[in-house]
$ cat target03.txt   # compact mmCIF, C-alpha atoms and all ligand atoms
# COMPACT_ATOMS: atom_id res chain seq x y z
CA MET I 1340 99.96 -55.61 12.01
CA CYS I 1341 96.67 -57.17 12.91
CA SER I 1342 94.37 -57.88 10.02
CA THR I 1343 91.16 -58.18 12.04
CA SER I 1344 89.28 -55.33 13.60
CA ALA I 1345 86.51 -55.64 16.15
CA ARG I 1346 82.96 -54.55 15.35
CA ILE I 1347 82.18 -51.34 17.19
CA ILE I 1348 78.93 -51.47 19.14
CA SER I 1349 77.33 -48.04 18.95
CA GLY I 1350 75.57 -47.09 22.14
CA ASN I 1351 74.59 -43.80 20.52
CA ALA I 1352 72.58 -45.51 17.78
CA LEU I 1353 70.82 -48.01 20.05
CA ALA I 1354 70.10 -45.34 22.68
CA GLN I 1355 68.46 -43.25 19.98
CA THR I 1356 66.15 -46.14 19.06
CA VAL I 1357 65.26 -46.75 22.73
CA ARG I 1358 64.60 -43.03 23.27
CA GLU I 1359 62.30 -42.84 20.25
CA ASP I 1360 60.30 -45.79 21.57
CA VAL I 1361 60.12 -44.19 25.03
CA ALA I 1362 58.94 -40.87 23.51
CA LEU I 1363 56.04 -42.62 21.76
CA ARG I 1364 54.95 -44.38 24.95
CA VAL I 1365 55.31 -41.16 26.95
CA GLN I 1366 53.09 -39.40 24.43
CA ALA I 1367 50.41 -42.09 24.72
CA LEU I 1368 50.47 -41.85 28.51
CA THR I 1369 50.43 -38.06 28.53
CA GLN I 1370 47.37 -38.10 26.27
CA ARG I 1371 45.65 -40.15 28.99
CA GLY I 1372 46.47 -37.36 31.49
CA ILE I 1373 49.50 -39.03 33.08
CA ARG I 1374 52.77 -37.30 32.30
CA PRO I 1375 55.79 -39.25 33.52
CA GLY I 1376 57.97 -37.23 35.90
CA LEU I 1377 61.53 -37.68 37.17
CA THR I 1378 63.06 -35.69 40.02
CA VAL I 1379 66.84 -35.67 40.25
CA VAL I 1380 68.47 -34.54 43.50
CA LEU I 1381 72.04 -33.28 43.28
CA VAL I 1382 73.95 -32.42 46.45
CA GLY I 1383 77.18 -30.43 46.24
CA ASP I 1384 79.50 -29.24 43.51
CA ASP I 1385 81.04 -32.33 41.89
CA PRO I 1386 81.61 -31.12 38.30
CA ALA I 1387 81.15 -34.55 36.67
CA SER I 1388 77.86 -35.06 38.56
CA HIS I 1389 76.61 -31.69 37.30
CA VAL I 1390 77.30 -32.77 33.71
CA TYR I 1391 75.61 -36.18 34.19
CA VAL I 1392 72.55 -34.59 35.80
CA ARG I 1393 72.21 -31.99 33.06
CA ASN I 1394 72.38 -34.75 30.41
CA LYS I 1395 69.71 -36.74 32.23
CA ALA I 1396 67.40 -33.71 32.40
CA ILE I 1397 67.88 -32.89 28.70
CA ALA I 1398 67.14 -36.50 27.72
CA CYS I 1399 63.95 -36.45 29.80
CA GLU I 1400 62.71 -33.26 28.19
CA LYS I 1401 63.42 -34.62 24.69
CA ALA I 1402 61.37 -37.73 25.47
CA GLY I 1403 58.48 -35.67 26.90
CA ILE I 1404 59.20 -36.71 30.50
CA LYS I 1405 58.79 -33.90 33.03
CA SER I 1406 62.12 -33.44 34.77
CA ASP I 1407 62.94 -31.50 37.91
CA VAL I 1408 66.46 -31.03 39.17
CA ILE I 1409 66.78 -30.07 42.82
CA ARG I 1410 70.28 -28.74 43.55
CA LEU I 1411 71.25 -28.66 47.21
CA GLU I 1412 74.34 -27.11 48.71
CA GLU I 1413 77.28 -29.26 49.79
CA GLN I 1414 76.54 -28.68 53.52
CA THR I 1415 72.93 -29.93 53.32
CA SER I 1416 72.11 -31.94 56.45
CA GLU I 1417 71.05 -35.56 56.29
CA HIS I 1418 67.80 -34.63 58.00
CA ASP I 1419 66.94 -32.09 55.29
CA LEU I 1420 67.80 -34.50 52.48
CA LEU I 1421 65.74 -37.33 53.99
CA SER I 1422 62.78 -34.94 54.52
CA LEU I 1423 62.97 -33.89 50.88
CA ILE I 1424 62.96 -37.54 49.75
CA SER I 1425 59.94 -38.29 51.97
CA ARG I 1426 58.09 -35.37 50.42
CA LEU I 1427 58.92 -36.64 46.90
CA ASN I 1428 57.81 -40.16 47.90
CA SER I 1429 54.30 -38.84 48.57
CA ASP I 1430 54.15 -36.48 45.57
CA GLU I 1431 51.90 -38.16 42.99
CA THR I 1432 53.40 -36.24 40.08
CA VAL I 1433 56.83 -37.75 40.76
CA ASP I 1434 57.26 -41.21 39.23
CA GLY I 1435 61.00 -41.50 39.63
CA ILE I 1436 63.45 -40.18 42.24
CA LEU I 1437 67.18 -40.22 41.54
CA VAL I 1438 69.74 -39.01 44.05
CA GLN I 1439 72.97 -38.49 42.14
CA LEU I 1440 75.97 -40.30 43.64
CA PRO I 1441 78.54 -39.85 45.06
CA LEU I 1442 77.14 -37.83 47.96
CA PRO I 1443 79.30 -35.55 50.16
CA SER I 1444 81.02 -37.68 52.81
CA HIS I 1445 78.90 -36.48 55.78
CA LEU I 1446 75.80 -38.07 54.19
CA ASP I 1447 75.12 -41.80 54.60
CA GLU I 1448 74.52 -43.11 51.08
CA HIS I 1449 72.78 -46.28 52.25
CA LYS I 1450 70.39 -44.40 54.50
CA VAL I 1451 69.56 -41.97 51.70
CA ILE I 1452 68.88 -44.71 49.15
CA GLU I 1453 66.78 -46.74 51.60
CA THR I 1454 64.56 -43.69 52.17
CA ILE I 1455 63.51 -43.60 48.50
CA SER I 1456 60.28 -45.46 47.92
CA PRO I 1457 61.18 -48.74 46.11
CA SER I 1458 58.38 -48.04 43.60
CA LYS I 1459 60.09 -44.73 42.63
CA ASP I 1460 63.68 -45.99 42.80
CA VAL I 1461 64.44 -45.70 39.06
CA ASP I 1462 68.14 -46.35 39.76
CA GLY I 1463 67.23 -49.77 41.16
CA PHE I 1464 69.60 -49.23 44.12
CA HIS I 1465 67.17 -49.78 47.03
CA ILE I 1466 67.81 -53.06 48.90
CA SER I 1467 64.30 -54.13 48.02
CA ASN I 1468 65.04 -53.70 44.30
CA ALA I 1469 68.47 -55.32 44.67
CA GLY I 1470 66.76 -58.27 46.39
CA LEU I 1471 64.11 -58.53 43.68
CA LEU I 1472 66.83 -58.58 41.03
CA MET I 1473 68.77 -61.23 42.90
CA THR I 1474 65.73 -63.47 43.24
CA GLY I 1475 64.79 -63.17 39.58
CA LYS I 1476 61.79 -60.83 39.90
CA PRO I 1477 63.25 -57.40 39.07
CA LEU I 1478 61.13 -54.25 39.33
CA PHE I 1479 63.79 -51.69 38.35
CA ARG I 1480 67.09 -52.89 36.91
CA PRO I 1481 70.05 -50.51 37.55
CA CYS I 1482 70.41 -48.41 34.39
CA THR I 1483 73.99 -49.17 33.36
CA PRO I 1484 73.81 -52.97 33.51
CA TYR I 1485 70.30 -52.85 32.04
CA GLY I 1486 71.65 -50.81 29.10
CA ILE I 1487 74.49 -53.30 28.63
CA MET I 1488 71.99 -56.19 28.50
CA LYS I 1489 70.07 -54.27 25.81
CA MET I 1490 73.28 -53.84 23.80
CA LEU I 1491 74.12 -57.55 24.06
CA GLU I 1492 70.56 -58.41 23.04
CA SER I 1493 70.64 -56.06 20.08
CA GLU I 1494 73.98 -57.56 18.99
CA GLN I 1495 72.35 -61.01 19.29
CA ILE I 1496 75.07 -62.28 21.63
CA ASN I 1497 74.13 -65.72 22.89
CA LEU I 1498 74.65 -65.62 26.65
CA ARG I 1499 73.45 -69.13 27.46
CA GLY I 1500 76.47 -71.05 28.65
CA ALA I 1501 78.82 -68.18 27.79
CA GLU I 1502 81.72 -67.30 30.07
CA ALA I 1503 81.08 -63.76 31.33
CA VAL I 1504 83.71 -61.95 33.39
CA VAL I 1505 82.84 -58.71 35.15
CA VAL I 1506 85.72 -56.62 36.49
CA GLY I 1507 84.58 -54.34 39.31
CA ALA I 1508 82.05 -55.31 41.98
CA SER I 1509 80.24 -52.04 42.75
CA ASN I 1510 76.59 -51.93 43.82
CA ILE I 1511 75.84 -49.64 40.86
CA VAL I 1512 77.37 -51.70 38.05
CA GLY I 1513 79.36 -54.85 38.84
CA LYS I 1514 77.04 -56.71 41.21
CA PRO I 1515 73.76 -56.08 39.33
CA MET I 1516 75.59 -56.80 36.04
CA ALA I 1517 76.60 -60.20 37.38
CA MET I 1518 72.97 -60.92 38.39
CA LEU I 1519 71.58 -59.99 34.96
CA LEU I 1520 74.19 -62.04 33.09
CA LEU I 1521 73.54 -64.99 35.40
CA ALA I 1522 69.79 -64.71 34.80
CA ALA I 1523 70.49 -64.79 31.06
CA GLY I 1524 72.30 -68.13 31.43
CA ALA I 1525 75.94 -67.02 31.47
CA THR I 1526 78.56 -68.50 33.79
CA VAL I 1527 79.65 -65.41 35.66
CA THR I 1528 82.94 -64.51 37.32
CA LEU I 1529 82.88 -61.29 39.34
CA CYS I 1530 86.38 -59.91 39.88
CA ASN I 1531 87.40 -57.29 42.41
CA SER I 1532 90.50 -55.35 43.38
CA LYS I 1533 91.85 -58.39 45.30
CA THR I 1534 91.55 -60.81 42.39
CA ARG I 1535 94.76 -62.75 41.90
CA ASP I 1536 95.97 -62.91 38.29
CA LEU I 1537 93.20 -60.80 36.79
CA ALA I 1538 94.45 -61.50 33.26
CA ALA I 1539 93.91 -65.26 33.74
CA GLN I 1540 90.25 -64.51 34.52
CA THR I 1541 89.64 -61.97 31.75
CA ARG I 1542 91.29 -64.19 29.11
CA ARG I 1543 88.56 -66.80 29.67
CA ALA I 1544 85.78 -64.31 28.94
CA ASP I 1545 83.47 -64.63 25.94
CA VAL I 1546 81.85 -61.48 27.32
CA LEU I 1547 84.09 -59.11 29.28
CA VAL I 1548 82.62 -56.16 31.20
CA ALA I 1549 85.14 -53.65 32.57
CA ALA I 1550 83.74 -51.38 35.29
CA VAL I 1551 86.67 -50.28 37.40
CA GLY I 1552 87.34 -46.60 36.70
CA ARG I 1553 91.01 -46.97 35.77
CA PRO I 1554 91.99 -45.81 32.29
CA ASN I 1555 93.30 -48.46 29.88
CA MET I 1556 93.70 -51.13 32.58
CA ILE I 1557 92.37 -53.88 30.30
CA THR I 1558 95.05 -54.39 27.68
CA ALA I 1559 94.90 -56.42 24.46
CA ASP I 1560 96.75 -59.39 26.01
CA MET I 1561 93.98 -59.74 28.62
CA ILE I 1562 91.28 -60.29 25.98
CA LYS I 1563 90.25 -63.61 24.44
CA PRO I 1564 90.28 -63.43 20.62
CA GLY I 1565 86.75 -62.76 19.38
CA ALA I 1566 85.38 -61.71 22.79
CA VAL I 1567 82.66 -59.12 23.25
CA VAL I 1568 84.18 -56.30 25.31
CA ILE I 1569 81.96 -53.84 27.17
CA ASP I 1570 83.73 -50.78 28.54
CA VAL I 1571 81.89 -49.00 31.36
CA GLY I 1572 84.78 -46.70 32.32
CA ILE I 1573 84.54 -42.97 31.77
CA ASN I 1574 87.91 -41.60 32.81
CA ARG I 1575 89.02 -38.03 32.21
CA LEU I 1576 92.72 -38.00 31.29
CA GLU I 1577 95.08 -35.13 32.14
CA THR I 1578 94.93 -34.17 28.46
CA GLY I 1579 91.18 -33.60 28.91
CA LYS I 1580 90.34 -36.58 26.68
CA LEU I 1581 87.95 -39.32 27.82
CA ALA I 1582 89.28 -42.87 28.09
CA GLY I 1583 87.56 -46.10 29.01
CA ASP I 1584 88.88 -48.89 31.23
CA VAL I 1585 89.93 -50.77 28.09
CA ASP I 1586 92.88 -49.91 25.85
CA PHE I 1587 90.55 -49.42 22.89
CA ALA I 1588 93.20 -49.23 20.14
CA GLY I 1589 94.87 -52.43 21.31
CA ALA I 1590 91.59 -54.27 21.93
CA LEU I 1591 90.37 -53.54 18.40
CA GLY I 1592 92.83 -56.07 17.03
CA VAL I 1593 91.74 -58.90 19.35
CA ALA I 1594 88.08 -58.50 20.34
CA GLY I 1595 85.15 -59.56 18.19
CA ALA I 1596 83.08 -56.56 19.22
CA ILE I 1597 83.70 -53.63 21.54
CA THR I 1598 81.91 -50.57 22.90
CA PRO I 1599 83.65 -47.21 22.43
CA VAL I 1600 84.12 -44.46 25.03
CA PRO I 1601 82.43 -42.07 24.61
CA GLY I 1602 79.37 -43.22 22.66
CA GLY I 1603 79.07 -46.73 24.10
CA VAL I 1604 77.61 -47.58 27.50
CA GLY I 1605 77.11 -43.95 28.63
CA PRO I 1606 74.21 -43.08 26.31
CA MET I 1607 72.54 -46.41 27.10
CA THR I 1608 72.58 -45.64 30.84
CA ILE I 1609 70.56 -42.50 30.21
CA ALA I 1610 68.20 -44.25 27.80
CA MET I 1611 67.41 -46.93 30.39
CA LEU I 1612 66.75 -44.28 33.03
CA LEU I 1613 64.04 -43.00 30.71
CA VAL I 1614 62.68 -46.54 30.31
CA ASN I 1615 62.58 -47.04 34.10
CA THR I 1616 60.82 -43.69 34.64
CA LEU I 1617 58.30 -44.42 31.91
CA GLU I 1618 57.57 -47.86 33.36
CA ALA I 1619 57.05 -46.36 36.83
CA ALA I 1620 54.50 -43.99 35.29
CA GLU I 1621 52.85 -46.84 33.37
CA ARG I 1622 52.43 -48.69 36.68
CA ARG I 1623 50.90 -45.50 38.20
CA ALA I 1624 48.50 -45.34 35.24
CA ALA I 1625 47.50 -48.96 35.71
CA GLN I 1626 46.55 -48.21 39.33
CA SER I 1627 44.51 -45.08 38.61
N1 LIG T 1701 76.60 -41.84 39.78
C1 LIG T 1701 77.22 -42.52 38.79
N2 LIG T 1701 76.35 -43.32 38.16
C2 LIG T 1701 75.16 -43.14 38.76
C3 LIG T 1701 73.86 -43.68 38.54
O1 LIG T 1701 73.62 -44.52 37.67
N3 LIG T 1701 72.88 -43.22 39.38
C4 LIG T 1701 73.12 -42.32 40.35
N4 LIG T 1701 72.10 -41.95 41.12
N5 LIG T 1701 74.31 -41.80 40.58
C5 LIG T 1701 75.32 -42.21 39.79
$ encode --input "target03.txt" --output "structure tokens" --more "lines below"
Ligand code: GUN
Amino acid sequence: MCSTSARIISGNALAQTVREDVALRVQALTQRGIRPGLTVVLVGDDPASHVYVRNKAIACEKAGIKSDVIRLEEQTSEHDLLSLISRLNSDETVDGILVQLPLPSHLDEHKVIETISPSKDVDGFHISNAGLLMTGKPLFRPCTPYGIMKMLESEQINLRGAEAVVVGASNIVGKPMAMLLLAAGATVTLCNSKTRDLAAQTRRADVLVAAVGRPNMITADMIKPGAVVIDVGINRLETGKLAGDVDFAGALGVAGAITPVPGGVGPMTIAMLLVNTLEAAERRAAQS
């Protein structure tokens, strides 16, 4: 039996606080005649994407942000999708454009993302935004890593000089996460599927971020006692239950603090999308 139990970091509670703050700022902007607007483009029938998009739209409405969801059929041509994005780029009532990923395989994800105007790229995926983040002058930070930084800040985790290990090197989470942790003064190790002896890396981590998409792959023996463990995984098990990338029950006895799944990183991702959309609208207001 383990006598210690990790503190559980509630993404739900912090997301609620962020959303209330966003709602107040949206109200102030709307009173000045500028209502923030987000357009989400969803191509195809991926069931998980439909759920994510619906949750994003509901969160927008609750915060007073105008949200439009454009659903396109699976067979939509690249030409039609790029034309739609160009039209949204020049629509003044649209502050943020989000194309839900993954896209059907006949569409070139890079080409699609690079067509979004960097000033409306609330996902922060455009190469221009990735470059700004890398050089320390971010415009939009990708929502999931941005939300994780907010959680670490709210937990008053000192990142200066800390050993941070990120498992998973995707453009959406792992790579921008590494950049944000580095900017905060952490020594960052970014692991990928080829990493030799992953456990040797993760065991060094004061802050461990798991973003792989494989249920329960981070086990208790891979965690340094007292570490802060951030679980980005949202994996649907055959039983229908959701599981993170971390064996939560096992990790509870070793970690100092841990995010649950669900109710951890997920709600923060949506909250930061609202922040990014609001800030795009605030920049529009400053120019008008
Ligand atoms: N698919 C999974 N996560 C994301 C995200 O943060 N943004 C977009 N556009 N698609 C995703």
$ closest_atom_pairs --input "target03.txt" --of "chain I" --to "ligand LIG 1701 (chain T)" --cutoff "10 Å" --atoms "all atoms listed in the file" --output "JSON lines"
{"residue": "I:Val1379", "atom": "CA", "partner": "T:LIG1701", "partner_atom": "N4", "distance": 8.2}
{"residue": "I:Val1380", "atom": "CA", "partner": "T:LIG1701", "partner_atom": "N4", "distance": 8.6}
{"residue": "I:Leu1381", "atom": "CA", "partner": "T:LIG1701", "partner_atom": "N4", "distance": 8.9}
{"residue": "I:Ala1387", "atom": "CA", "partner": "T:LIG1701", "partner_atom": "C1", "distance": 9.1}
{"residue": "I:Ser1388", "atom": "CA", "partner": "T:LIG1701", "partner_atom": "N1", "distance": 7.0}
{"residue": "I:Tyr1391", "atom": "CA", "partner": "T:LIG1701", "partner_atom": "C1", "distance": 8.0}
{"residue": "I:Val1392", "atom": "CA", "partner": "T:LIG1701", "partner_atom": "N5", "distance": 8.8}
{"residue": "I:Ile1436", "atom": "CA", "partner": "T:LIG1701", "partner_atom": "N4", "distance": 8.9}
{"residue": "I:Leu1437", "atom": "CA", "partner": "T:LIG1701", "partner_atom": "N4", "distance": 5.2}
{"residue": "I:Val1438", "atom": "CA", "partner": "T:LIG1701", "partner_atom": "N4", "distance": 4.8}
{"residue": "I:Gln1439", "atom": "CA", "partner": "T:LIG1701", "partner_atom": "N4", "distance": 3.7}
{"residue": "I:Leu1440", "atom": "CA", "partner": "T:LIG1701", "partner_atom": "N5", "distance": 3.8}
{"residue": "I:Pro1441", "atom": "CA", "partner": "T:LIG1701", "partner_atom": "N1", "distance": 6.0}
{"residue": "I:Leu1442", "atom": "CA", "partner": "T:LIG1701", "partner_atom": "N5", "distance": 8.8}
{"residue": "I:Ile1452", "atom": "CA", "partner": "T:LIG1701", "partner_atom": "N4", "distance": 9.1}
{"residue": "I:Asp1460", "atom": "CA", "partner": "T:LIG1701", "partner_atom": "N4", "distance": 9.5}
{"residue": "I:Val1461", "atom": "CA", "partner": "T:LIG1701", "partner_atom": "N4", "distance": 8.8}
{"residue": "I:Asp1462", "atom": "CA", "partner": "T:LIG1701", "partner_atom": "N3", "distance": 5.7}
{"residue": "I:Gly1463", "atom": "CA", "partner": "T:LIG1701", "partner_atom": "N3", "distance": 8.8}
{"residue": "I:Phe1464", "atom": "CA", "partner": "T:LIG1701", "partner_atom": "N4", "distance": 8.3}
{"residue": "I:Pro1481", "atom": "CA", "partner": "T:LIG1701", "partner_atom": "O1", "distance": 7.0}
{"residue": "I:Cys1482", "atom": "CA", "partner": "T:LIG1701", "partner_atom": "O1", "distance": 6.0}
{"residue": "I:Thr1483", "atom": "CA", "partner": "T:LIG1701", "partner_atom": "O1", "distance": 6.4}
{"residue": "I:Pro1484", "atom": "CA", "partner": "T:LIG1701", "partner_atom": "O1", "distance": 9.4}
{"residue": "I:Ile1511", "atom": "CA", "partner": "T:LIG1701", "partner_atom": "O1", "distance": 6.4}
{"residue": "I:Val1512", "atom": "CA", "partner": "T:LIG1701", "partner_atom": "O1", "distance": 8.1}
{"residue": "I:Gly1605", "atom": "CA", "partner": "T:LIG1701", "partner_atom": "N2", "distance": 9.6}
{"residue": "I:Thr1608", "atom": "CA", "partner": "T:LIG1701", "partner_atom": "O1", "distance": 7.0}
{"residue": "I:Ile1609", "atom": "CA", "partner": "T:LIG1701", "partner_atom": "O1", "distance": 8.3}
{"residue": "I:Met1611", "atom": "CA", "partner": "T:LIG1701", "partner_atom": "O1", "distance": 9.9}
{"residue": "I:Leu1612", "atom": "CA", "partner": "T:LIG1701", "partner_atom": "O1", "distance": 8.3}
$ closest_residue --input "target03.txt" --among "I:Ala1610, I:Leu1420, I:Ala1590, I:Val1604" --to "Thr1343 in chain I" --atoms "all atoms listed in the file"
I:Ala1590
$ closest_residue --input "target03.txt" --among "I:Leu1353, I:Val1451, I:Ala1566, I:Leu1446" --to "Gln1414 in chain I" --atoms "only C-alpha atoms"
I:Leu1446
$ residues_near_point --input "target03.txt" --point "(88.7, -47.3, 28.0)" --cutoff "6 Å" --atoms "all atoms listed in the file" --output "PyMOL selection string"
chain I and resi 1554-1555+1572+1582-1587
$ closest_residue --input "target03.txt" --among "I:Ser1406, I:Thr1616, I:Gln1495, I:Asn1428" --to "Arg1364 in chain I" --atoms "all atoms listed in the file"
I:Thr1616
$ residues_around --input "target03.txt" --residues "Val1548 in chain I" --least-positions-apart "3" --cutoff "8 Å" --atoms "all atoms listed in the file" --output "number ranges by chain"
I: 1503-1506, 1568-1571
$ closest_residue --input "target03.txt" --among "I:Val1382, I:Ile1424, I:Ala1396, I:Met1488" --to "Glu1412 in chain I" --atoms "all atoms listed in the file"
I:Val1382
$ atom_distance --input "target03.txt" --atom1 "CA of Ile1597 in chain I" --atom2 "CA of Lys1476 in chain I"
29.5 Å
$ residues_around --input "target03.txt" --residues "Ala1619 in chain I" --least-positions-apart "3" --cutoff "9 Å" --atoms "only C-alpha atoms" --output "list in words"
Pro1375, Asp1434, Gly1435, Ser1458, Lys1459, Asp1460, Val1461, Phe1479, Val1614, Asn1615, Thr1616, Arg1622, Arg1623 and Ala1624 of chain I
$ residues_near_point --input "target03.txt" --point "(84.6, -64.8, 36.5)" --cutoff "9 Å" --atoms "only C-alpha atoms" --output "compact mmCIF listing (two decimals) with C-alpha atoms, in the frame of the given file"
# COMPACT_ATOMS: atom_id res chain seq x y z
CA GLU I 1502 81.72 -67.30 30.07
CA ALA I 1503 81.08 -63.76 31.33
CA VAL I 1504 83.71 -61.95 33.39
CA VAL I 1505 82.84 -58.71 35.15
CA VAL I 1506 85.72 -56.62 36.49
CA THR I 1526 78.56 -68.50 33.79
CA VAL I 1527 79.65 -65.41 35.66
CA THR I 1528 82.94 -64.51 37.32
CA LEU I 1529 82.88 -61.29 39.34
CA CYS I 1530 86.38 -59.91 39.88
CA GLN I 1540 90.25 -64.51 34.52
CA THR I 1541 89.64 -61.97 31.75
CA ARG I 1543 88.56 -66.80 29.67
CA ALA I 1544 85.78 -64.31 28.94
$ decode --input "target03.txt" --residues "range 1405-1413 of chain I" --atoms "all heavy atoms" --output "mmCIF file, in the first residue's frame"
data_model
loop_
_atom_site.group_PDB
_atom_site.id
_atom_site.type_symbol
_atom_site.label_atom_id
_atom_site.label_comp_id
_atom_site.auth_asym_id
_atom_site.auth_seq_id
_atom_site.Cartn_x
_atom_site.Cartn_y
_atom_site.Cartn_z
ATOM 1 N N LYS I 1405 -19.514 34.543 -31.072
ATOM 2 C CA LYS I 1405 -20.340 34.045 -32.175
ATOM 3 C C LYS I 1405 -19.612 32.846 -32.782
ATOM 4 O O LYS I 1405 -18.418 32.943 -33.109
ATOM 5 C CB LYS I 1405 -20.492 35.153 -33.216
ATOM 6 C CG LYS I 1405 -21.312 34.784 -34.422
ATOM 7 C CD LYS I 1405 -21.480 36.042 -35.290
ATOM 8 C CE LYS I 1405 -22.269 35.756 -36.542
ATOM 9 N NZ LYS I 1405 -21.649 34.817 -37.448
ATOM 10 N N SER I 1406 -20.303 31.722 -32.915
ATOM 11 C CA SER I 1406 -19.612 30.573 -33.501
ATOM 12 C C SER I 1406 -20.394 30.042 -34.695
ATOM 13 O O SER I 1406 -21.617 29.947 -34.662
ATOM 14 C CB SER I 1406 -19.405 29.476 -32.461
ATOM 15 O OG SER I 1406 -20.432 28.539 -32.498
ATOM 16 N N ASP I 1407 -19.658 29.737 -35.732
ATOM 17 C CA ASP I 1407 -20.234 29.135 -36.933
ATOM 18 C C ASP I 1407 -19.525 27.819 -37.164
ATOM 19 O O ASP I 1407 -18.294 27.781 -37.120
ATOM 20 C CB ASP I 1407 -19.927 30.023 -38.151
ATOM 21 C CG ASP I 1407 -21.089 30.930 -38.472
ATOM 22 O OD1 ASP I 1407 -22.231 30.503 -38.265
ATOM 23 O OD2 ASP I 1407 -20.826 32.064 -38.911
ATOM 24 N N VAL I 1408 -20.277 26.770 -37.415
ATOM 25 C CA VAL I 1408 -19.643 25.506 -37.782
ATOM 26 C C VAL I 1408 -20.029 25.210 -39.223
ATOM 27 O O VAL I 1408 -21.212 25.152 -39.557
ATOM 28 C CB VAL I 1408 -20.093 24.352 -36.860
ATOM 29 C CG1 VAL I 1408 -19.439 23.049 -37.299
ATOM 30 C CG2 VAL I 1408 -19.755 24.655 -35.407
ATOM 31 N N ILE I 1409 -19.019 25.071 -40.069
ATOM 32 C CA ILE I 1409 -19.268 24.722 -41.467
ATOM 33 C C ILE I 1409 -18.890 23.251 -41.646
ATOM 34 O O ILE I 1409 -17.729 22.880 -41.491
ATOM 35 C CB ILE I 1409 -18.459 25.633 -42.419
ATOM 36 C CG1 ILE I 1409 -18.845 27.100 -42.182
ATOM 37 C CG2 ILE I 1409 -18.679 25.224 -43.873
ATOM 38 C CD1 ILE I 1409 -18.079 28.094 -43.026
ATOM 39 N N ARG I 1410 -19.909 22.432 -41.920
ATOM 40 C CA ARG I 1410 -19.663 20.985 -42.081
ATOM 41 C C ARG I 1410 -19.617 20.672 -43.575
ATOM 42 O O ARG I 1410 -20.562 20.980 -44.296
ATOM 43 C CB ARG I 1410 -20.762 20.172 -41.404
ATOM 44 C CG ARG I 1410 -20.740 20.312 -39.884
ATOM 45 C CD ARG I 1410 -21.787 19.443 -39.198
ATOM 46 N NE ARG I 1410 -21.666 19.553 -37.742
ATOM 47 C CZ ARG I 1410 -22.188 20.540 -37.009
ATOM 48 N NH1 ARG I 1410 -22.882 21.505 -37.592
ATOM 49 N NH2 ARG I 1410 -22.006 20.578 -35.696
ATOM 50 N N LEU I 1411 -18.521 20.083 -44.000
ATOM 51 C CA LEU I 1411 -18.356 19.746 -45.420
ATOM 52 C C LEU I 1411 -18.280 18.233 -45.574
ATOM 53 O O LEU I 1411 -17.777 17.529 -44.687
ATOM 54 C CB LEU I 1411 -17.065 20.365 -45.965
ATOM 55 C CG LEU I 1411 -16.944 21.898 -45.876
ATOM 56 C CD1 LEU I 1411 -15.565 22.342 -46.357
ATOM 57 C CD2 LEU I 1411 -18.034 22.579 -46.684
ATOM 58 N N GLU I 1412 -18.760 17.752 -46.715
ATOM 59 C CA GLU I 1412 -18.761 16.300 -46.884
ATOM 60 C C GLU I 1412 -17.346 15.772 -47.119
ATOM 61 O O GLU I 1412 -16.445 16.495 -47.573
ATOM 62 C CB GLU I 1412 -19.703 15.882 -48.012
ATOM 63 C CG GLU I 1412 -19.351 16.492 -49.350
ATOM 64 C CD GLU I 1412 -20.371 16.095 -50.412
ATOM 65 O OE1 GLU I 1412 -21.523 15.774 -50.034
ATOM 66 O OE2 GLU I 1412 -19.998 16.115 -51.598
ATOM 67 N N GLU I 1413 -17.181 14.511 -46.760
ATOM 68 C CA GLU I 1413 -15.898 13.798 -46.827
ATOM 69 C C GLU I 1413 -15.171 14.018 -48.172
ATOM 70 O O GLU I 1413 -13.963 14.180 -48.232
ATOM 71 C CB GLU I 1413 -16.208 12.302 -46.608
ATOM 72 C CG GLU I 1413 -15.026 11.382 -46.590
ATOM 73 C CD GLU I 1413 -14.479 11.155 -45.183
ATOM 74 O OE1 GLU I 1413 -15.202 11.437 -44.210
ATOM 75 O OE2 GLU I 1413 -13.329 10.712 -45.079
#
